[in-house]
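*Asks:* Quick one: structure below, then a few questions.
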Amino acid sequence: MKTFIKRAPLSIVVLFIFLQLSKADISLPEIFSDNMVLQQKSDVILWGWAKTGEILVIKADWMDKDLTIQADVQGTWKITMKTPEAGGPYNIHIKGHNEVILKNVLIGEIWLCSGQSNMEMSAQWGINNGEEEIKNANWPEIRFFTVGSATSHYPQDHLAGKWSVCTPDEMRTFSAIGYFFARKLNKELGVPIGVINSSWGGTPAETWMPEEVILKDDILREAAAKQKPVPWGPVEPARIYNAMISPLIPFRIAGVLWYQGEANVGRAVQYSKIFPVMIQDWRTSWGIKDFPFYFVQIAPYVYAGIDSTESAYLREAQESALRLAKTGMAVTLDIATVMNIHPPFKKEIGERLAMLALNNGYGLKNQSNGPVFKSMQVEAGTIILQFDNAEDGLIEKNNKINEFEIAGKDGKYVKADIKISKNTVLVFNPSIREPVSVRYCWRNGAEASLFNKAGMPAWQFRTK
């Protein structure tokens, strides 16, 4: 793990910068390198460092006119350049007293993947059909950027990483979800796809947020204060954000894919506040209003016990972010390994995230969601449930529905009997004559048994 030290006193820093910039060459942050992808049809920001006052000339193969920019007194510069429709490869020349050339640049769609180990997990970790997938991973229009693990007390402007072309060797160690997402988008859209992976296993949401955002909110500050140190990664507010997210801003992206929450299980009430605030802050920091943010609902896993409910509450807390515009959730209740917190079904998850993106942002309509509880009514001891995303009807898995529970006025849940009628579910138990509520998949070890005809699993829910 790489850890940045605290910054030196300002006077020393200023002197150091002055001495360095008197002889500085043009340099760029690591996110700009050969083989990168830039967001198509956008105002892309290019930035870097040079000698104080130096005039830079920027040429790109797709531009008719050169751009010029002058480095400021700190030796920093920033310029906006327009990108064309998807295509390439192109070269970009940045010339002052020295010249930097970015080669083999593609124009397409850029997505940032982030979160815990399930997003970090690569094909070589043991995903389904992993070796075959690795062997066939020759996709020259897919490009990868992996951010190296690092922490910092303060926001940084450099990070470890570089762009690479998707080959079997590169795909083997890259985020499997990111790869399968990119592959499906490339197939469906026919444009280059760039994927940035900035993930760290076992880390709570608080460390992925700026510290000032946490400190100014009582609920977030209290949640952060209760974090206990762990040996596998940071838990303090902003430590990862400063080193692994901040240096990427304002690199233009199409949206974010997020798979995190396991480290926040047991703190669902706080997470229902933390997660939406994090999304809003990232959008504000990037200066891209409402960029798409699609996330994965955590998979069933034993945690404190297979029949405990703490993960169900965390999944419910994740759903709270759906009130924000341009968000979407990929459900994993049917593709879990209850005794393994790292399900091998990364292809399915990557493609479900891609379906959300294609459906919501790229205009390629599909059934990207499973049945979602809509309403209930009670008739003669039976609760009748209605669902959205089930217009063609509901189906059972292996001709058997389970994980439904029903409760009376005492609030004690018992297993329920089920009957499907087109797009409704009838729930009852002879021992409960006056039922008042139903819940579905409301335990750590729950696995989906209700689907729509598109094969997507129903979301967990509770009616009360």
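Ordering of the structure tokens sets the chain letters (A, B, ...); residue numbers start at 1 within each chain; ligands are numbered from 1 in the order shown.
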Just want the 12 Å neighbourhood of Thr382 in chain A, counted on only C-alpha atoms, with same-chain residues fewer than 2 positions away dropped. Output as a compact mmCIF listing (two decimals) with C-alpha atoms, in the first residue's frame.

*Replies:*
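Contents of result_21.txt, freshly written:
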```
# COMPACT_ATOMS: atom_id res chain seq x y z
CA MET A 376 -50.57 -4.38 -1.99
CA GLN A 377 -54.12 -5.01 -0.90
CA VAL A 378 -55.62 -7.40 1.62
CA GLU A 379 -58.59 -9.60 0.71
CA ALA A 380 -59.99 -12.39 2.87
CA ILE A 384 -52.24 -9.41 -3.16
CA LEU A 385 -49.01 -7.88 -4.44
CA ILE A 406 -46.06 -12.80 5.99
CA ALA A 407 -46.95 -11.14 9.31
CA GLY A 408 -50.06 -10.25 11.23
CA ALA A 416 -45.86 -17.79 3.39
CA ASP A 417 -47.68 -19.79 0.76
CA ILE A 418 -47.59 -18.26 -2.71
CA LYS A 419 -49.68 -18.26 -5.85
CA VAL A 425 -48.52 -12.59 -6.34
CA LEU A 426 -50.99 -13.87 -3.76
CA VAL A 427 -49.40 -14.35 -0.32
CA PHE A 428 -51.07 -16.14 2.59
CA ASN A 429 -50.63 -18.44 5.56
CA PRO A 430 -53.60 -20.25 7.15
CA SER A 431 -52.34 -19.41 10.63
CA ILE A 432 -52.57 -15.67 9.98
CA ARG A 433 -56.18 -14.62 9.45
CA GLU A 434 -55.53 -10.88 9.40
CA PRO A 435 -52.23 -10.32 7.58
CA VAL A 436 -50.80 -6.82 7.44
CA SER A 437 -47.38 -7.07 5.79
CA VAL A 438 -45.14 -9.14 3.53
```

*Asks:* I'd like the contact shell of Phe291 in chain A - 12 Å cut-off, only C-alpha atoms, skipping same-chain residues fewer than 2 positions apart - returned as a count of residues only.

*Replies:* 30

*Asks:* As a list in words, please: the residues near Val213 in chain A (cut-off 10 Å, only C-alpha atoms, same-chain neighbours under 4 positions excluded).

*Replies:*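 The contact residues come out as Glu206, Met209, Asp217, Leu220, Arg221, Pro237, Ala238, Ile274, Val277, Met278 and Asp281 of chain A.
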
*Asks:* In Å, with one decimal, what is the gap from CA of Thr52 in chain A to CA of Lys65 in chain A?

*Replies:*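 Between CA of Thr52 in chain A and CA of Lys65 in chain A the gap is 24.4 Å.
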
*Asks:* Name the residues in contact with range 131-134 of chain A at a cut-off of 7 Å, using only C-alpha atoms, excluding same-chain residues fewer than 5 positions from it; report them as an mmCIF file with N, CA and C atoms, in the first residue's frame.

*Replies:*
```cif
data_model
loop_
_atom_site.group_PDB
_atom_site.id
_atom_site.type_symbol
_atom_site.label_atom_id
_atom_site.label_comp_id
_atom_site.auth_asym_id
_atom_site.auth_seq_id
_atom_site.Cartn_x
_atom_site.Cartn_y
_atom_site.Cartn_z
ATOM 1 N N PRO A 168 -5.444 -10.322 -23.766
ATOM 2 C CA PRO A 168 -5.599 -11.321 -22.703
ATOM 3 C C PRO A 168 -4.765 -11.027 -21.465
ATOM 4 N N MET A 171 -6.379 -7.941 -19.679
ATOM 5 C CA MET A 171 -7.705 -8.253 -19.133
ATOM 6 C C MET A 171 -7.605 -9.139 -17.906
ATOM 7 N N ARG A 172 -6.626 -10.016 -17.870
ATOM 8 C CA ARG A 172 -6.467 -10.980 -16.787
ATOM 9 C C ARG A 172 -6.446 -10.316 -15.410
#
```

*Asks:* Would you give me, as an MDAnalysis selection string, the residues in range 344-404 of chain A that DSSP reads as strand (DSSP E)?

*Replies:* chainID A and resid 372:379 382:388 394:396 404

*Asks:* Restricting the calculation to only C-alpha atoms: of A:Asp43, A:Glu319, A:Glu109, A:Asp61, which residue gets closest to Lys82 in chain A?

*Replies:*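 Of all the options, A:Asp43 lies closest to Lys82 in chain A.
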
*Asks:* Quick one: pull the distance between CA of Gly96 in chain A and CA of Leu159 in chain A, Å, one decimal.

*Replies:* 24.1 Å

*Asks:* Name the residues of range 184-400 of chain A that fall into helix (DSSP H, G or I) according to DSSP on the backbone, using the chain letters and numbers of this document, as a PyMOL selection string.

*Replies:* chain A and resi 184-189+205-208+211-215+218-225+239-248+262-264+268-286+310-323+346-360

*Asks:* Mind checking which residues fall within 12 Å of Asp72 in chain A, counting only C-alpha atoms, ignoring those fewer than 4 positions away in the same chain, and posting them as a list of chain:residue names?

*Replies:*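 Skipping anything fewer than 4 positions along the chain leaves A:Leu21, A:Trp47, A:Gly48, A:Trp49, A:Ala50, A:Lys51, A:Thr52, A:Gly53, A:Glu54, A:Ile55, A:Leu56, A:Thr76, A:Trp77, A:Lys78.
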
*Asks:* At a cut-off of 10 Å, using only C-alpha atoms, what residues contact Phe404 in chain A? Leave out same-chain residues fewer than 3 positions from it and give the result as a PyMOL selection string.

*Replies:* chain A and resi 401+413-418+427-428+438-442+446+449-450+460-462

*Asks:* Using C-alpha atoms, can you export the residues from the last selection as a PDB file, in the first residue's frame?

*Replies:*
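Contents of part.pdb, freshly written:
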```
ATOM      1  CA  ILE A 401     -41.108 -19.801  -4.979  1.00  0.00           C
ATOM      2  CA  TYR A 413     -43.038 -13.039  10.215  1.00  0.00           C
ATOM      3  CA  VAL A 414     -43.614 -16.646   9.175  1.00  0.00           C
ATOM      4  CA  LYS A 415     -43.113 -18.447   5.897  1.00  0.00           C
ATOM      5  CA  ALA A 416     -45.865 -17.786   3.388  1.00  0.00           C
ATOM      6  CA  ASP A 417     -47.681 -19.790   0.762  1.00  0.00           C
ATOM      7  CA  ILE A 418     -47.585 -18.256  -2.708  1.00  0.00           C
ATOM      8  CA  VAL A 427     -49.396 -14.354  -0.323  1.00  0.00           C
ATOM      9  CA  PHE A 428     -51.073 -16.138   2.586  1.00  0.00           C
ATOM     10  CA  VAL A 438     -45.138  -9.143   3.531  1.00  0.00           C
ATOM     11  CA  ARG A 439     -41.413  -9.213   2.971  1.00  0.00           C
ATOM     12  CA  TYR A 440     -39.312 -10.988   0.349  1.00  0.00           C
ATOM     13  CA  CYS A 441     -35.646 -12.017   0.426  1.00  0.00           C
ATOM     14  CA  TRP A 442     -35.255 -10.288   3.785  1.00  0.00           C
ATOM     15  CA  ALA A 446     -31.866 -15.064   0.702  1.00  0.00           C
ATOM     16  CA  SER A 449     -36.997 -17.242  -6.759  1.00  0.00           C
ATOM     17  CA  LEU A 450     -39.318 -14.722  -8.471  1.00  0.00           C
ATOM     18  CA  GLN A 460     -36.141  -7.592  -2.292  1.00  0.00           C
ATOM     19  CA  PHE A 461     -38.823  -5.607  -0.498  1.00  0.00           C
ATOM     20  CA  ARG A 462     -40.913  -5.201   2.615  1.00  0.00           C
TER      21      ARG A 462
END
```

*Asks:* In Å, how far is it from CA of Arg315 in chain A to CA of Tyr362 in chain A?

*Replies:*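 These two atoms are separated by 26.8 Å.
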
*Asks:* Write out as a list in words the residues lying within 9 Å of Val147 in chain A, counting only C-alpha atoms and excluding same-chain residues fewer than 2 positions away.

*Replies:*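 Returned residues: Phe145, Ser149, Ala150, Leu159, Ala160, Gly161, Lys162, Ile196, Asn197, Ser198, Ser199, Met244 and Ile245 of chain A.
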
*Asks:* For a quick check of understanding, using only C-alpha atoms, which of A:Val105, A:Ile69, A:Ala321, A:Ala312 has the smallest distance to Thr83 in chain A?

*Replies:* A:Val105

*Asks:* Compare A:Met121, A:Leu353, A:Val235, A:Ala317 by their minimum atom-to-atom distance to Thr151 in chain A, counting only C-alpha atoms, and give me the closest one.

*Replies:*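 Smallest separation from Thr151 in chain A among the options: A:Val235.
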